[in-house]
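Worksheet for the structure shown next.
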Amino acid sequence: MLEARDLSVRFGGLQAVGNVSLRVAAGQIVALIGPNGAGKTTLFNLVSGSVKPDAGSIHFDGGEITGLPPHQICRRGLARTFQMVQPFAAQTVRENIAVGAHLHHRPRRAALAKADSVATRVGLDAERDKLATSLTIAGRKRLELARALATEPKLLLLDEVLAGLNPAEIAGVIPIVRGIRDSGIAVLMIEHVMQAVMHLADYVYVLNNGQLIAAGAPAAIANSPQVIEAYLGHGTAARLRAESARA
Amino acid sequence: MFGVAVAFAPAFVASGYALNAITMTLYAALLAQSWNILAGFGGQFSFGHAVFFGTGAYAMAVLQVKFGWNAWAALAAALAFGAAVGAFVGLLTFRYGLRGSYFALVTLAFAEVFRILANTFPFTGAGVGLMVPLRASAFDLQPASRAGYLYFILVFVLASLLISLWLKHSRYGAWLQAVRDNEESAAALGVDAFRVKLQAIVVSSTLMAAGGAFYVQYLHYIDPHLAYGPGVSVEALLGAIVGGLGTVWGPLLGAGVLHVLGEATRGLVGDAPGVNLVAYGIVLILIVTFMPHGIIGLLRRRPPTKLAHA
């Protein structure tokens, strides 16, 4: 469904993403993890079109999308959410979602009806008529999700939809993400909440300093020495192994 | 309903003064509505809407006086010129992603450039301006009665109101307001922000040009300062801001309030030039400070939440 080959982008002297290749198959939830500053969001920006790659190609749903502007990529069925939630502040939750719904529903009434059904799906039913700015951070994350869903994508890029949520809120969002996958929409998610990655992902890519350092099933990734060192520092993997051997 | 009420006004209002007041208020409402479509709904704050107004006014005057066109044909051309200048300004500014104060400054610069050009070239009458001869016939778009001019401007005000209503209830309007509130988010939801903004500026500039064309027909005279000077730009944005940005009825309300205010200050202080501008300035400061959503926002303010629970 999505295939990125050898993507690279450089910001001045910083190689933000270097030679990264990844793929997402239909019906999968794929997670992208890595320490802060690893280049995860930059990779999302490349795939969704807001940053142009210096090298490499992106193919989606049978066609090349490299270098297309964001709105055209969205129209092909690839939607994204933003880590920094960006609601349309002056509008209600329902109107916010309807903007996404309008992509495939021209009449206002149809878009609002679609918005209502998406609001129900992500649990924003009760807040439909509130201003977007009056939502809590958890509500705003759901709103990001809802707007993107309303464009009826084939692939959804989720940029830290769980960040900043408390455990109860996280537990509320996990079934929604799983439900999205089960309805036939593939998901590529950036996530720091490991509990969620372990629960949801079919496949995990690990990014560090702009490079892919590991890829595999979640359980395998969790024990990978490179991954542990990327998060906890050089030599940690060996020390942890030694400690568990002693115990 | 509003249209019907105004349309019957001439039957009841006999005095020329009152008809003129209604007509000039409608004219100000048209300018405010034009500005509101681009700024209130689209978030693009133009500081040089005079560039579209003046283009409409000069097209109307030059085509009639220098080229001998019929006034109706000149009106059509004035609208087309207004749209074309709008598209030109939009292409240049939006293509290069100018927003906020940069967009405001560039539109202001455009108006100034056009003012200087109009001041220079002989076919615009240069600094002397152009007089449109009195003919007083419907064929020449110079109605014999004041009521005729009222209908002239009313048609365009109704058109602008219908466009605003449509913006509130259409996909295009939803997209335009989404671009206003957050361009990145809108693009991520499939909205072509450049195209949406370009369409908005063309609609806005066409309505503004209609205001300019009306001005020439009603007052029979145009010069570079009246056409492209900052006065018209300020009049357009003031009406919209005072009334309520991004609302359907705000610009009309704002234009009415400002007209009354202008007349009142003139009555109080006589004809001292510029005093009405001082009053405008004070009102603008008060409105922005105490009514950030304009008069409409004040009327619409919901009761405090505490009461809702009581």
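Residues are named by chain letter and number: chains run A, B, ... in the order of the structure tokens, numbers start at 1 in each chain, and ligands are numbered from 1 in the order shown.
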Worksheet item: If we count only C-alpha atoms, what is near Leu284 (chain B) at a cut-off of 7 Å, once residues fewer than 4 positions away on the same chain are taken out, given as a VMD selection string?
Response: chain B and resid 242 280 288
Which residues of chain B come within 9 Å of chain A, and what is each one's closest atom pair and distance in Å (one decimal), counting only C-alpha atoms, sorted by chain and residue number, as JSON lines?
```
{"residue": "B:His169", "atom": "CA", "partner": "A:Arg108", "partner_atom": "CA", "distance": 6.3}
{"residue": "B:Ser170", "atom": "CA", "partner": "A:Arg108", "partner_atom": "CA", "distance": 5.5}
{"residue": "B:Arg171", "atom": "CA", "partner": "A:Arg106", "partner_atom": "CA", "distance": 5.9}
{"residue": "B:Tyr172", "atom": "CA", "partner": "A:Arg106", "partner_atom": "CA", "distance": 8.8}
{"residue": "B:Ala174", "atom": "CA", "partner": "A:Val99", "partner_atom": "CA", "distance": 6.1}
{"residue": "B:Trp175", "atom": "CA", "partner": "A:Val99", "partner_atom": "CA", "distance": 6.4}
{"residue": "B:Gln177", "atom": "CA", "partner": "A:Phe88", "partner_atom": "CA", "distance": 8.3}
{"residue": "B:Ala178", "atom": "CA", "partner": "A:Phe88", "partner_atom": "CA", "distance": 6.2}
{"residue": "B:Val179", "atom": "CA", "partner": "A:Phe88", "partner_atom": "CA", "distance": 8.6}
{"residue": "B:Arg180", "atom": "CA", "partner": "A:Phe88", "partner_atom": "CA", "distance": 8.3}
{"residue": "B:Asp181", "atom": "CA", "partner": "A:Phe88", "partner_atom": "CA", "distance": 4.9}
{"residue": "B:Asn182", "atom": "CA", "partner": "A:Phe88", "partner_atom": "CA", "distance": 6.0}
{"residue": "B:Glu184", "atom": "CA", "partner": "A:Gln86", "partner_atom": "CA", "distance": 8.3}
{"residue": "B:Ser185", "atom": "CA", "partner": "A:Gln86", "partner_atom": "CA", "distance": 6.4}
{"residue": "B:Ala186", "atom": "CA", "partner": "A:Val99", "partner_atom": "CA", "distance": 7.7}
{"residue": "B:Ala187", "atom": "CA", "partner": "A:His71", "partner_atom": "CA", "distance": 4.7}
{"residue": "B:Ala188", "atom": "CA", "partner": "A:Pro70", "partner_atom": "CA", "distance": 5.7}
{"residue": "B:Leu189", "atom": "CA", "partner": "A:Gly100", "partner_atom": "CA", "distance": 5.2}
{"residue": "B:Gly190", "atom": "CA", "partner": "A:His71", "partner_atom": "CA", "distance": 3.9}
{"residue": "B:Val191", "atom": "CA", "partner": "A:His71", "partner_atom": "CA", "distance": 5.4}
{"residue": "B:Asp192", "atom": "CA", "partner": "A:His71", "partner_atom": "CA", "distance": 5.7}
{"residue": "B:Ala193", "atom": "CA", "partner": "A:His71", "partner_atom": "CA", "distance": 8.3}
```
Item to complete: Would you please give, as an MDAnalysis selection string, all residues of region 19-211 of chain A that DSSP assigns to alpha helix (DSSP H) based on the backbone?
Response: chainID A and resid 40:48 70:75 93:101 108:122 137:150 167:182 194:200
Practice prompt. Write out as number ranges by chain which residues come within 8 Å of Ala215 (chain A) when counting only C-alpha atoms, dropping same-chain ones fewer than 2 positions away.
Written response: A: 203-206, 212-213, 217, 221
Worksheet item: So which bits of region 17-203 of chain A end up strand (DSSP E or B) when you DSSP the backbone, as number ranges by chain?
Response: A: 17-24, 29-33, 55-60, 63-64, 78-80, 92, 131, 155-159, 186-190, 203
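Rounded to one decimal, CA of Lys141 (chain A) and CA of Lys114 (chain A) lie 18.8 Å from each other.
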Discussion item. If we count only C-alpha atoms and set the cut-off at 8 Å, which residues sit around Ala57 (chain B), ignoring sequence neighbours fewer than 6 positions away in its own chain? Please answer as JSON, numbers by chain.
Written reply: {"B": [78, 209, 210, 211, 212, 213, 214, 215, 216, 222, 227]}
Worksheet item: Hey, what's within 12 Å of Gly281 (chain B) if we count only C-alpha atoms and toss same-chain stuff fewer than 5 positions away? As an MDAnalysis selection string, please?
Response: chainID B and resid 234:235 238 242 258 261:262 274:276 286:288
Worksheet item: Leaving out Gly54 (chain B) and any residue of its chain fewer than 2 positions from it, which residues lie within 9 Å of it when counting only C-alpha atoms, given as a PyMOL selection string?
Response: chain B and resi 49-52+56-59+82+111+114-115+208-209+212-213+222+224+226-229+232
If you keep N, CA and C atoms, can you produce a file of those selected residues as a CSV table (one decimal), in the first residue's frame?
```csv
chain,number,residue,atom,x,y,z
B,49,HIS,N,-7.7,47.4,-0.3
B,49,HIS,CA,-8.8,47.0,-1.1
B,49,HIS,C,-9.2,48.1,-2.1
B,50,ALA,N,-8.6,49.3,-1.9
B,50,ALA,CA,-8.8,50.4,-2.9
B,50,ALA,C,-8.4,50.0,-4.3
B,51,VAL,N,-7.4,49.1,-4.3
B,51,VAL,CA,-6.9,48.8,-5.7
B,51,VAL,C,-8.0,48.2,-6.5
B,52,PHE,N,-8.9,47.4,-5.9
B,52,PHE,CA,-10.0,46.9,-6.7
B,52,PHE,C,-11.1,47.9,-6.9
B,56,GLY,N,-12.3,49.3,-10.6
B,56,GLY,CA,-13.7,49.4,-11.1
B,56,GLY,C,-14.1,50.8,-11.5
B,57,ALA,N,-13.8,51.7,-10.6
B,57,ALA,CA,-14.2,53.1,-10.8
B,57,ALA,C,-13.6,53.7,-12.1
B,58,TYR,N,-12.3,53.5,-12.3
B,58,TYR,CA,-11.6,54.0,-13.5
B,58,TYR,C,-12.1,53.3,-14.7
B,59,ALA,N,-12.3,52.0,-14.7
B,59,ALA,CA,-12.8,51.3,-15.9
B,59,ALA,C,-14.1,51.9,-16.3
B,82,GLY,N,-12.0,44.4,-12.3
B,82,GLY,CA,-11.8,44.1,-10.9
B,82,GLY,C,-11.4,42.7,-10.6
B,111,ALA,N,-2.1,49.2,-4.0
B,111,ALA,CA,-3.0,50.3,-4.1
B,111,ALA,C,-2.3,51.6,-4.4
B,114,PHE,N,-1.0,51.7,-8.0
B,114,PHE,CA,-2.1,52.1,-8.9
B,114,PHE,C,-2.4,53.6,-8.8
B,115,ARG,N,-2.4,54.1,-7.6
B,115,ARG,CA,-2.7,55.5,-7.4
B,115,ARG,C,-1.7,56.4,-8.1
B,208,MET,N,-15.9,44.7,-4.9
B,208,MET,CA,-15.3,46.0,-4.7
B,208,MET,C,-15.3,46.9,-5.9
B,209,ALA,N,-15.0,46.2,-7.1
B,209,ALA,CA,-15.0,47.0,-8.3
B,209,ALA,C,-16.5,47.5,-8.6
B,212,GLY,N,-16.8,50.6,-6.8
B,212,GLY,CA,-16.2,51.7,-7.5
B,212,GLY,C,-17.0,52.2,-8.7
B,213,ALA,N,-17.6,51.2,-9.5
B,213,ALA,CA,-18.4,51.6,-10.6
B,213,ALA,C,-19.6,52.4,-10.2
B,222,ILE,N,-14.2,61.0,-10.5
B,222,ILE,CA,-13.2,60.2,-9.9
B,222,ILE,C,-11.8,60.8,-10.0
B,224,PRO,N,-7.4,60.1,-8.6
B,224,PRO,CA,-6.6,59.0,-8.1
B,224,PRO,C,-6.7,58.8,-6.6
B,226,LEU,N,-9.3,59.6,-4.6
B,226,LEU,CA,-10.6,59.0,-4.2
B,226,LEU,C,-10.6,57.5,-4.6
B,227,ALA,N,-10.0,57.2,-5.8
B,227,ALA,CA,-10.1,55.8,-6.3
B,227,ALA,C,-9.1,54.9,-5.5
B,228,TYR,N,-7.9,55.3,-5.4
B,228,TYR,CA,-6.9,54.3,-4.9
B,228,TYR,C,-6.3,54.8,-3.6
B,229,GLY,N,-6.8,55.9,-3.0
B,229,GLY,CA,-6.2,56.3,-1.7
B,229,GLY,C,-6.6,55.4,-0.6
B,232,VAL,N,-10.7,54.6,1.1
B,232,VAL,CA,-11.6,53.5,0.7
B,232,VAL,C,-11.3,52.2,1.3
```
